[in-house]
$ cat final_17.pdb   # PDB, N, CA and C atoms
MODEL        1
ATOM      1  N   MET A 215      15.268 -27.141   3.748
ATOM      2  CA  MET A 215      14.488 -26.352   2.815
ATOM      3  C   MET A 215      15.052 -26.449   1.396
ATOM      4  N   LEU A 216      16.350 -26.692   1.257
ATOM      5  CA  LEU A 216      16.944 -26.736  -0.076
ATOM      6  C   LEU A 216      16.667 -28.035  -0.820
ATOM      7  N   ASN A 217      15.892 -28.970  -0.230
ATOM      8  CA  ASN A 217      15.540 -30.164  -0.979
ATOM      9  C   ASN A 217      14.272 -29.962  -1.793
ATOM     10  N   LYS A 218      13.744 -28.761  -1.815
ATOM     11  CA  LYS A 218      12.600 -28.437  -2.662
ATOM     12  C   LYS A 218      13.088 -28.200  -4.090
ATOM     13  N   LYS A 219      12.166 -28.324  -5.029
ATOM     14  CA  LYS A 219      12.517 -28.083  -6.427
ATOM     15  C   LYS A 219      12.358 -26.607  -6.797
ATOM     16  N   TYR A 220      11.325 -25.966  -6.257
ATOM     17  CA  TYR A 220      11.040 -24.566  -6.570
ATOM     18  C   TYR A 220      10.856 -23.765  -5.287
ATOM     19  N   PHE A 221      11.245 -22.486  -5.355
ATOM     20  CA  PHE A 221      11.188 -21.605  -4.193
ATOM     21  C   PHE A 221      10.468 -20.316  -4.558
ATOM     22  N   SER A 222       9.620 -19.854  -3.670
ATOM     23  CA  SER A 222       8.923 -18.579  -3.892
ATOM     24  C   SER A 222       9.910 -17.439  -3.700
ATOM     25  N   ILE A 223       9.529 -16.264  -4.135
ATOM     26  CA  ILE A 223      10.402 -15.094  -3.989
ATOM     27  C   ILE A 223      10.647 -14.784  -2.511
ATOM     28  N   ALA A 224       9.643 -15.011  -1.667
ATOM     29  CA  ALA A 224       9.821 -14.782  -0.224
ATOM     30  C   ALA A 224      10.848 -15.758   0.348
ATOM     31  N   GLU A 225      10.806 -17.008  -0.099
ATOM     32  CA  GLU A 225      11.781 -17.994   0.379
ATOM     33  C   GLU A 225      13.188 -17.637  -0.093
ATOM     34  N   VAL A 226      13.305 -17.168  -1.325
ATOM     35  CA  VAL A 226      14.623 -16.777  -1.846
ATOM     36  C   VAL A 226      15.156 -15.587  -1.053
ATOM     37  N   THR A 227      14.284 -14.654  -0.717
ATOM     38  CA  THR A 227      14.692 -13.515   0.108
ATOM     39  C   THR A 227      15.207 -13.999   1.456
ATOM     40  N   ASN A 228      14.506 -14.929   2.074
ATOM     41  CA  ASN A 228      14.940 -15.461   3.370
ATOM     42  C   ASN A 228      16.256 -16.214   3.264
ATOM     43  N   LEU A 229      16.449 -16.940   2.172
ATOM     44  CA  LEU A 229      17.680 -17.712   1.989
ATOM     45  C   LEU A 229      18.885 -16.839   1.676
ATOM     46  N   THR A 230      18.680 -15.802   0.882
ATOM     47  CA  THR A 230      19.809 -15.008   0.385
ATOM     48  C   THR A 230      20.012 -13.683   1.107
ATOM     49  N   GLY A 231      18.950 -13.169   1.720
ATOM     50  CA  GLY A 231      19.041 -11.841   2.326
ATOM     51  C   GLY A 231      18.881 -10.721   1.310
ATOM     52  N   ILE A 232      18.544 -11.065   0.075
ATOM     53  CA  ILE A 232      18.350 -10.074  -0.986
ATOM     54  C   ILE A 232      16.862  -9.738  -1.034
ATOM     55  N   SER A 233      16.551  -8.458  -1.058
ATOM     56  CA  SER A 233      15.146  -8.036  -1.029
ATOM     57  C   SER A 233      14.389  -8.520  -2.266
ATOM     58  N   GLN A 234      13.076  -8.630  -2.125
ATOM     59  CA  GLN A 234      12.241  -9.046  -3.250
ATOM     60  C   GLN A 234      12.350  -8.055  -4.401
ATOM     61  N   HIS A 235      12.405  -6.776  -4.068
ATOM     62  CA  HIS A 235      12.544  -5.743  -5.102
ATOM     63  C   HIS A 235      13.827  -5.963  -5.900
ATOM     64  N   LYS A 236      14.922  -6.220  -5.196
ATOM     65  CA  LYS A 236      16.205  -6.419  -5.873
ATOM     66  C   LYS A 236      16.202  -7.720  -6.679
ATOM     67  N   LEU A 237      15.546  -8.757  -6.162
ATOM     68  CA  LEU A 237      15.454 -10.012  -6.913
ATOM     69  C   LEU A 237      14.728  -9.801  -8.241
ATOM     70  N   ARG A 238      13.646  -9.035  -8.205
ATOM     71  CA  ARG A 238      12.909  -8.767  -9.444
ATOM     72  C   ARG A 238      13.769  -7.961 -10.415
ATOM     73  N   TYR A 239      14.562  -7.022  -9.876
ATOM     74  CA  TYR A 239      15.458  -6.226 -10.719
ATOM     75  C   TYR A 239      16.523  -7.128 -11.358
ATOM     76  N   ILE A 240      17.126  -7.994 -10.554
ATOM     77  CA  ILE A 240      18.146  -8.909 -11.067
ATOM     78  C   ILE A 240      17.553  -9.782 -12.168
ATOM     79  N   GLU A 241      16.344 -10.236 -11.941
ATOM     80  CA  GLU A 241      15.651 -11.069 -12.934
ATOM     81  C   GLU A 241      15.499 -10.333 -14.268
ATOM     82  N   LYS A 242      15.216  -9.028 -14.210
ATOM     83  CA  LYS A 242      15.042  -8.240 -15.433
ATOM     84  C   LYS A 242      16.342  -8.064 -16.204
ATOM     85  N   ILE A 243      17.444  -7.834 -15.477
ATOM     86  CA  ILE A 243      18.694  -7.497 -16.161
ATOM     87  C   ILE A 243      19.568  -8.702 -16.484
ATOM     88  N   ASP A 244      19.312  -9.844 -15.870
ATOM     89  CA  ASP A 244      20.164 -11.015 -16.064
ATOM     90  C   ASP A 244      19.415 -12.080 -16.866
ATOM     91  N   SER A 245      19.828 -12.273 -18.103
ATOM     92  CA  SER A 245      19.139 -13.235 -18.971
ATOM     93  C   SER A 245      19.408 -14.685 -18.570
ATOM     94  N   ASN A 246      20.370 -14.915 -17.674
ATOM     95  CA  ASN A 246      20.662 -16.276 -17.213
ATOM     96  C   ASN A 246      19.645 -16.774 -16.192
ATOM     97  N   ILE A 247      18.807 -15.882 -15.714
ATOM     98  CA  ILE A 247      17.804 -16.263 -14.722
ATOM     99  C   ILE A 247      16.449 -16.318 -15.407
ATOM    100  N   SER A 248      15.891 -17.499 -15.442
ATOM    101  CA  SER A 248      14.546 -17.634 -16.013
ATOM    102  C   SER A 248      13.659 -18.258 -14.940
ATOM    103  N   VAL A 249      12.919 -17.414 -14.280
ATOM    104  CA  VAL A 249      12.037 -17.898 -13.227
ATOM    105  C   VAL A 249      10.748 -18.420 -13.845
ATOM    106  N   ILE A 250      10.099 -19.267 -13.106
ATOM    107  CA  ILE A 250       8.816 -19.807 -13.545
ATOM    108  C   ILE A 250       7.731 -18.927 -12.954
ATOM    109  N   LYS A 251       6.849 -18.446 -13.806
ATOM    110  CA  LYS A 251       5.741 -17.614 -13.339
ATOM    111  C   LYS A 251       4.461 -18.425 -13.471
ATOM    112  N   LEU A 252       3.805 -18.591 -12.356
ATOM    113  CA  LEU A 252       2.586 -19.380 -12.326
ATOM    114  C   LEU A 252       1.539 -18.638 -11.512
ATOM    115  N   ARG A 253       0.441 -18.298 -12.141
ATOM    116  CA  ARG A 253      -0.650 -17.552 -11.498
ATOM    117  C   ARG A 253      -0.146 -16.280 -10.817
ATOM    118  N   GLY A 254       0.721 -15.560 -11.507
ATOM    119  CA  GLY A 254       1.206 -14.281 -11.011
ATOM    120  C   GLY A 254       2.281 -14.374  -9.941
ATOM    121  N   ARG A 255       2.788 -15.560  -9.690
ATOM    122  CA  ARG A 255       3.845 -15.731  -8.679
ATOM    123  C   ARG A 255       5.123 -16.226  -9.341
ATOM    124  N   ARG A 256       6.248 -15.835  -8.749
ATOM    125  CA  ARG A 256       7.542 -16.241  -9.277
ATOM    126  C   ARG A 256       8.053 -17.437  -8.479
ATOM    127  N   TYR A 257       8.654 -18.372  -9.202
ATOM    128  CA  TYR A 257       9.278 -19.517  -8.551
ATOM    129  C   TYR A 257      10.687 -19.679  -9.099
ATOM    130  N   TYR A 258      11.635 -19.825  -8.183
ATOM    131  CA  TYR A 258      13.048 -19.929  -8.522
ATOM    132  C   TYR A 258      13.527 -21.360  -8.293
ATOM    133  N   THR A 259      14.475 -21.789  -9.119
ATOM    134  CA  THR A 259      15.097 -23.101  -8.938
ATOM    135  C   THR A 259      16.359 -22.925  -8.094
ATOM    136  N   LYS A 260      16.925 -24.047  -7.651
ATOM    137  CA  LYS A 260      18.191 -23.992  -6.912
ATOM    138  C   LYS A 260      19.272 -23.341  -7.773
ATOM    139  N   LYS A 261      19.257 -23.678  -9.061
ATOM    140  CA  LYS A 261      20.246 -23.108  -9.987
ATOM    141  C   LYS A 261      20.101 -21.586 -10.052
ATOM    142  N   ASN A 262      18.855 -21.097 -10.113
ATOM    143  CA  ASN A 262      18.618 -19.644 -10.088
ATOM    144  C   ASN A 262      19.208 -19.031  -8.824
ATOM    145  N   ILE A 263      18.936 -19.661  -7.690
ATOM    146  CA  ILE A 263      19.382 -19.126  -6.397
ATOM    147  C   ILE A 263      20.904 -19.088  -6.337
ATOM    148  N   GLU A 264      21.549 -20.162  -6.775
ATOM    149  CA  GLU A 264      23.017 -20.204  -6.771
ATOM    150  C   GLU A 264      23.595 -19.112  -7.667
ATOM    151  N   HIS A 265      23.001 -18.926  -8.830
ATOM    152  CA  HIS A 265      23.469 -17.890  -9.762
ATOM    153  C   HIS A 265      23.296 -16.498  -9.147
ATOM    154  N   ILE A 266      22.144 -16.249  -8.557
ATOM    155  CA  ILE A 266      21.874 -14.948  -7.929
ATOM    156  C   ILE A 266      22.866 -14.687  -6.807
ATOM    157  N   GLN A 267      23.105 -15.698  -5.965
ATOM    158  CA  GLN A 267      24.050 -15.521  -4.859
ATOM    159  C   GLN A 267      25.459 -15.248  -5.372
ATOM    160  N   ALA A 268      25.873 -15.953  -6.411
ATOM    161  CA  ALA A 268      27.214 -15.745  -6.966
ATOM    162  C   ALA A 268      27.351 -14.338  -7.527
ATOM    163  N   GLN A 269      26.363 -13.895  -8.289
ATOM    164  CA  GLN A 269      26.404 -12.548  -8.866
ATOM    165  C   GLN A 269      26.385 -11.490  -7.771
ATOM    166  N   HIS A 270      25.554 -11.691  -6.775
ATOM    167  CA  HIS A 270      25.436 -10.721  -5.684
ATOM    168  C   HIS A 270      26.746 -10.645  -4.897
ATOM    169  N   SER A 271      27.376 -11.797  -4.658
ATOM    170  CA  SER A 271      28.653 -11.825  -3.933
ATOM    171  C   SER A 271      29.745 -11.109  -4.713
ATOM    172  N   GLN A 272      29.794 -11.346  -6.029
ATOM    173  CA  GLN A 272      30.803 -10.682  -6.858
ATOM    174  C   GLN A 272      30.603  -9.175  -6.852
ATOM    175  N   HIS A 273      29.364  -8.757  -6.957
ATOM    176  CA  HIS A 273      29.066  -7.323  -6.953
ATOM    177  C   HIS A 273      29.450  -6.703  -5.610
ATOM    178  N   ALA A 274      29.126  -7.379  -4.523
ATOM    179  CA  ALA A 274      29.445  -6.857  -3.190
ATOM    180  C   ALA A 274      30.956  -6.772  -2.991
ATOM    181  N   ALA A 275      31.696  -7.741  -3.526
ATOM    182  CA  ALA A 275      33.153  -7.741  -3.376
ATOM    183  C   ALA A 275      33.796  -6.612  -4.167
ATOM    184  N   ARG A 276      33.176  -6.221  -5.288
ATOM    185  CA  ARG A 276      33.743  -5.159  -6.129
ATOM    186  C   ARG A 276      33.491  -3.768  -5.575
ATOM    187  N   ARG A 277      32.522  -3.629  -4.702
ATOM    188  CA  ARG A 277      32.183  -2.297  -4.199
ATOM    189  C   ARG A 277      33.307  -1.761  -3.321
ATOM    190  N   ASP A 278      33.629  -0.524  -3.533
ATOM    191  CA  ASP A 278      34.682   0.141  -2.780
ATOM    192  C   ASP A 278      34.039   1.038  -1.731
ATOM    193  N   PRO A 279      34.264   0.744  -0.437
ATOM    194  CA  PRO A 279      33.640   1.565   0.606
ATOM    195  C   PRO A 279      34.033   3.038   0.525
ATOM    196  N   LEU A 280      35.262   3.323   0.083
ATOM    197  CA  LEU A 280      35.685   4.716  -0.032
ATOM    198  C   LEU A 280      34.929   5.422  -1.150
ATOM    199  N   GLU A 281      34.645   4.691  -2.218
ATOM    200  CA  GLU A 281      33.861   5.272  -3.304
ATOM    201  C   GLU A 281      32.451   5.582  -2.812
ATOM    202  N   ASP A 282      31.883   4.670  -2.039
ATOM    203  CA  ASP A 282      30.552   4.910  -1.470
ATOM    204  C   ASP A 282      30.565   6.146  -0.582
ATOM    205  N   ALA A 283      31.626   6.300   0.210
ATOM    206  CA  ALA A 283      31.735   7.464   1.088
ATOM    207  C   ALA A 283      31.863   8.739   0.264
ATOM    208  N   GLY A 284      32.629   8.672  -0.826
ATOM    209  CA  GLY A 284      32.769   9.833  -1.702
ATOM    210  C   GLY A 284      31.453  10.214  -2.346
ATOM    211  N   ASN A 285      30.695   9.217  -2.764
ATOM    212  CA  ASN A 285      29.382   9.484  -3.351
ATOM    213  C   ASN A 285      28.456  10.112  -2.323
ATOM    214  N   MET A 286      28.514   9.630  -1.104
ATOM    215  CA  MET A 286      27.670  10.176  -0.045
ATOM    216  C   MET A 286      28.063  11.625   0.239
ATOM    217  N   ALA A 287      29.362  11.903   0.288
ATOM    218  CA  ALA A 287      29.814  13.274   0.534
ATOM    219  C   ALA A 287      29.354  14.200  -0.593
ATOM    220  N   ALA A 288      29.421  13.728  -1.824
ATOM    221  CA  ALA A 288      28.973  14.541  -2.962
ATOM    222  C   ALA A 288      27.472  14.803  -2.875
ATOM    223  N   ARG A 289      26.704  13.802  -2.477
ATOM    224  CA  ARG A 289      25.255  14.000  -2.336
ATOM    225  C   ARG A 289      24.943  14.990  -1.224
ATOM    226  N   ILE A 290      25.692  14.910  -0.125
ATOM    227  CA  ILE A 290      25.487  15.852   0.982
ATOM    228  C   ILE A 290      25.815  17.264   0.527
ATOM    229  N   ASP A 291      26.938  17.427  -0.186
ATOM    230  CA  ASP A 291      27.304  18.749  -0.706
ATOM    231  C   ASP A 291      26.219  19.294  -1.629
ATOM    232  N   HIS A 292      25.690  18.444  -2.483
ATOM    233  CA  HIS A 292      24.631  18.858  -3.408
ATOM    234  C   HIS A 292      23.391  19.315  -2.636
ATOM    235  N   LEU A 293      22.993  18.553  -1.632
ATOM    236  CA  LEU A 293      21.818  18.923  -0.838
ATOM    237  C   LEU A 293      22.046  20.212  -0.055
ATOM    238  N   LEU A 294      23.252  20.381   0.467
ATOM    239  CA  LEU A 294      23.563  21.626   1.181
ATOM    240  C   LEU A 294      23.471  22.826   0.244
ATOM    241  N   GLN A 295      23.963  22.672  -0.978
ATOM    242  CA  GLN A 295      23.889  23.770  -1.941
ATOM    243  C   GLN A 295      22.439  24.084  -2.287
ATOM    244  N   LYS A 296      21.624  23.051  -2.456
ATOM    245  CA  LYS A 296      20.204  23.280  -2.733
ATOM    246  C   LYS A 296      19.539  24.005  -1.561
ATOM    247  N   PHE A 297      19.908  23.628  -0.342
ATOM    248  CA  PHE A 297      19.358  24.294   0.835
ATOM    249  C   PHE A 297      19.770  25.766   0.848
ATOM    250  N   ARG A 298      21.048  26.025   0.572
ATOM    251  CA  ARG A 298      21.524  27.416   0.547
ATOM    252  C   ARG A 298      20.772  28.227  -0.509
ATOM    253  N   ASP A 299      20.586  27.640  -1.692
ATOM    254  CA  ASP A 299      19.853  28.321  -2.761
ATOM    255  C   ASP A 299      18.422  28.628  -2.336
ATOM    256  N   CYS A 300      17.765  27.676  -1.717
ATOM    257  CA  CYS A 300      16.384  27.884  -1.252
ATOM    258  C   CYS A 300      16.337  28.953  -0.168
ATOM    259  N   TYR A 301      17.302  28.908   0.742
ATOM    260  CA  TYR A 301      17.349  29.883   1.825
ATOM    261  C   TYR A 301      17.542  31.292   1.257
ATOM    262  N   GLU A 302      18.443  31.411   0.285
ATOM    263  CA  GLU A 302      18.705  32.704  -0.347
ATOM    264  C   GLU A 302      17.455  33.207  -1.073
ATOM    265  N   ALA A 303      16.780  32.327  -1.810
ATOM    266  CA  ALA A 303      15.557  32.720  -2.517
ATOM    267  C   ALA A 303      14.483  33.155  -1.528
ATOM    268  N   HIS A 304      14.376  32.449  -0.423
ATOM    269  CA  HIS A 304      13.401  32.811   0.609
ATOM    270  C   HIS A 304      13.727  34.189   1.188
ATOM    271  N   ALA A 305      15.001  34.426   1.462
ATOM    272  CA  ALA A 305      15.405  35.718   2.021
ATOM    273  C   ALA A 305      15.097  36.848   1.037
ATOM    274  N   GLN A 306      15.335  36.620  -0.253
ATOM    275  CA  GLN A 306      15.038  37.641  -1.256
ATOM    276  C   GLN A 306      13.538  37.908  -1.353
ATOM    277  N   LEU A 307      12.740  36.857  -1.321
ATOM    278  CA  LEU A 307      11.284  37.034  -1.355
ATOM    279  C   LEU A 307      10.793  37.788  -0.125
ATOM    280  N   HIS A 308      11.360  37.461   1.012
ATOM    281  CA  HIS A 308      10.976  38.128   2.255
ATOM    282  C   HIS A 308      11.348  39.616   2.195
ATOM    283  N   ALA A 309      12.553  39.909   1.697
ATOM    284  CA  ALA A 309      12.990  41.301   1.585
ATOM    285  C   ALA A 309      12.104  42.056   0.597
ATOM    286  N   HIS A 310      11.765  41.422  -0.506
ATOM    287  CA  HIS A 310      10.894  42.051  -1.499
ATOM    288  C   HIS A 310       9.510  42.322  -0.905
ATOM    289  N   ALA A 311       8.992  41.387  -0.151
ATOM    290  CA  ALA A 311       7.674  41.560   0.474
ATOM    291  C   ALA A 311       7.704  42.712   1.473
ATOM    292  N   GLN A 312       8.813  42.877   2.164
ATOM    293  CA  GLN A 312       8.938  43.959   3.145
ATOM    294  C   GLN A 312       8.932  45.325   2.463
ATOM    295  N   THR A 313       9.530  45.405   1.272
ATOM    296  CA  THR A 313       9.568  46.697   0.572
ATOM    297  C   THR A 313       8.219  47.040  -0.046
ATOM    298  N   GLN A 314       7.369  46.053  -0.258
ATOM    299  CA  GLN A 314       6.057  46.274  -0.863
ATOM    300  C   GLN A 314       5.018  46.767   0.146
ATOM    301  N   THR A 315       5.299  46.622   1.420
ATOM    302  CA  THR A 315       4.311  47.047   2.427
ATOM    303  C   THR A 315       4.522  48.442   2.904
TER     304      THR A 315
ENDMDL
END
$ encode --input "final_17.pdb" --output "structure tokens"
Amino acid sequence: MLNKKYFSIAEVTNLTGISQHKLRYIEKIDSNISVIKLRGRRYYTKKNIEHIQAQHSQHAARRDPLEDAGNMAARIDHLLQKFRDCYEAHAQLHAHAQTQT
């Protein structure tokens, strides 16, 4: 398959494992990638694919799993606090409704 000159976004996704959504995002933020757009479709060259894979590999290598876990714990704490706030507001509304009857 790599003896082709141009690859569709679906083919690049199959080759790299990077989602089409993420490929379009990378294309927007990385000026080194200039895809060919023809009749509303994107076509990538081998050079584009190699660049995308290199950038994606570097980014994946820099990610710290402990940092990801910390971010997840912070998000869980935030959601729990929002739940507690909603529960408290519901209890207050319920108590207020009981006094009105």
$ atom_distance --input "final_17.pdb" --atom1 "atom N of A:Leu237" --atom2 "atom C of A:Arg255"
13.2 Å
$ atom_distance --input "final_17.pdb" --atom1 "atom CA of A:Lys219" --atom2 "atom CA of A:Ile250"
11.5 Å
$ residues_around --input "final_17.pdb" --residues "A:Gly231" --least-positions-apart "3" --cutoff "12 Å" --atoms "only C-alpha atoms" --output "list in words"
Ile223, Ala224, Glu225, Val226, Thr227, Asn228, Gln234, His235, Lys236, Leu237, Ile263, Ile266, Gln267, His270 and Ser271 of chain A
$ closest_residue --input "final_17.pdb" --among "A:Tyr220, A:Thr313, A:His308, A:Lys296" --to "A:Tyr258" --atoms "only N, CA and C atoms"
A:Tyr220
$ select_by_dssp --input "final_17.pdb" --residues "chain A" --states "helix (DSSP H, G or I)" --output "VMD selection string"
chain A and resid 223 to 230 234 to 243 260 to 276 279 to 314
$ atom_distance --input "final_17.pdb" --atom1 "atom C of A:Asp244" --atom2 "atom C of A:His265"
9.7 Å
$ closest_residue --input "final_17.pdb" --among "A:Gln314, A:Gln269, A:Ser222, A:Asn217" --to "A:Ile243" --atoms "only C-alpha atoms"
A:Gln269
$ closest_residue --input "final_17.pdb" --among "A:Ala309, A:Ile240, A:Leu229, A:Ile290" --to "A:Lys260" --atoms "only C-alpha atoms"
A:Leu229
$ select_by_dssp --input "final_17.pdb" --residues "chain A" --states "strand (DSSP E or B)" --output "PyMOL selection string"
chain A and resi 221-222+250-252+255-258
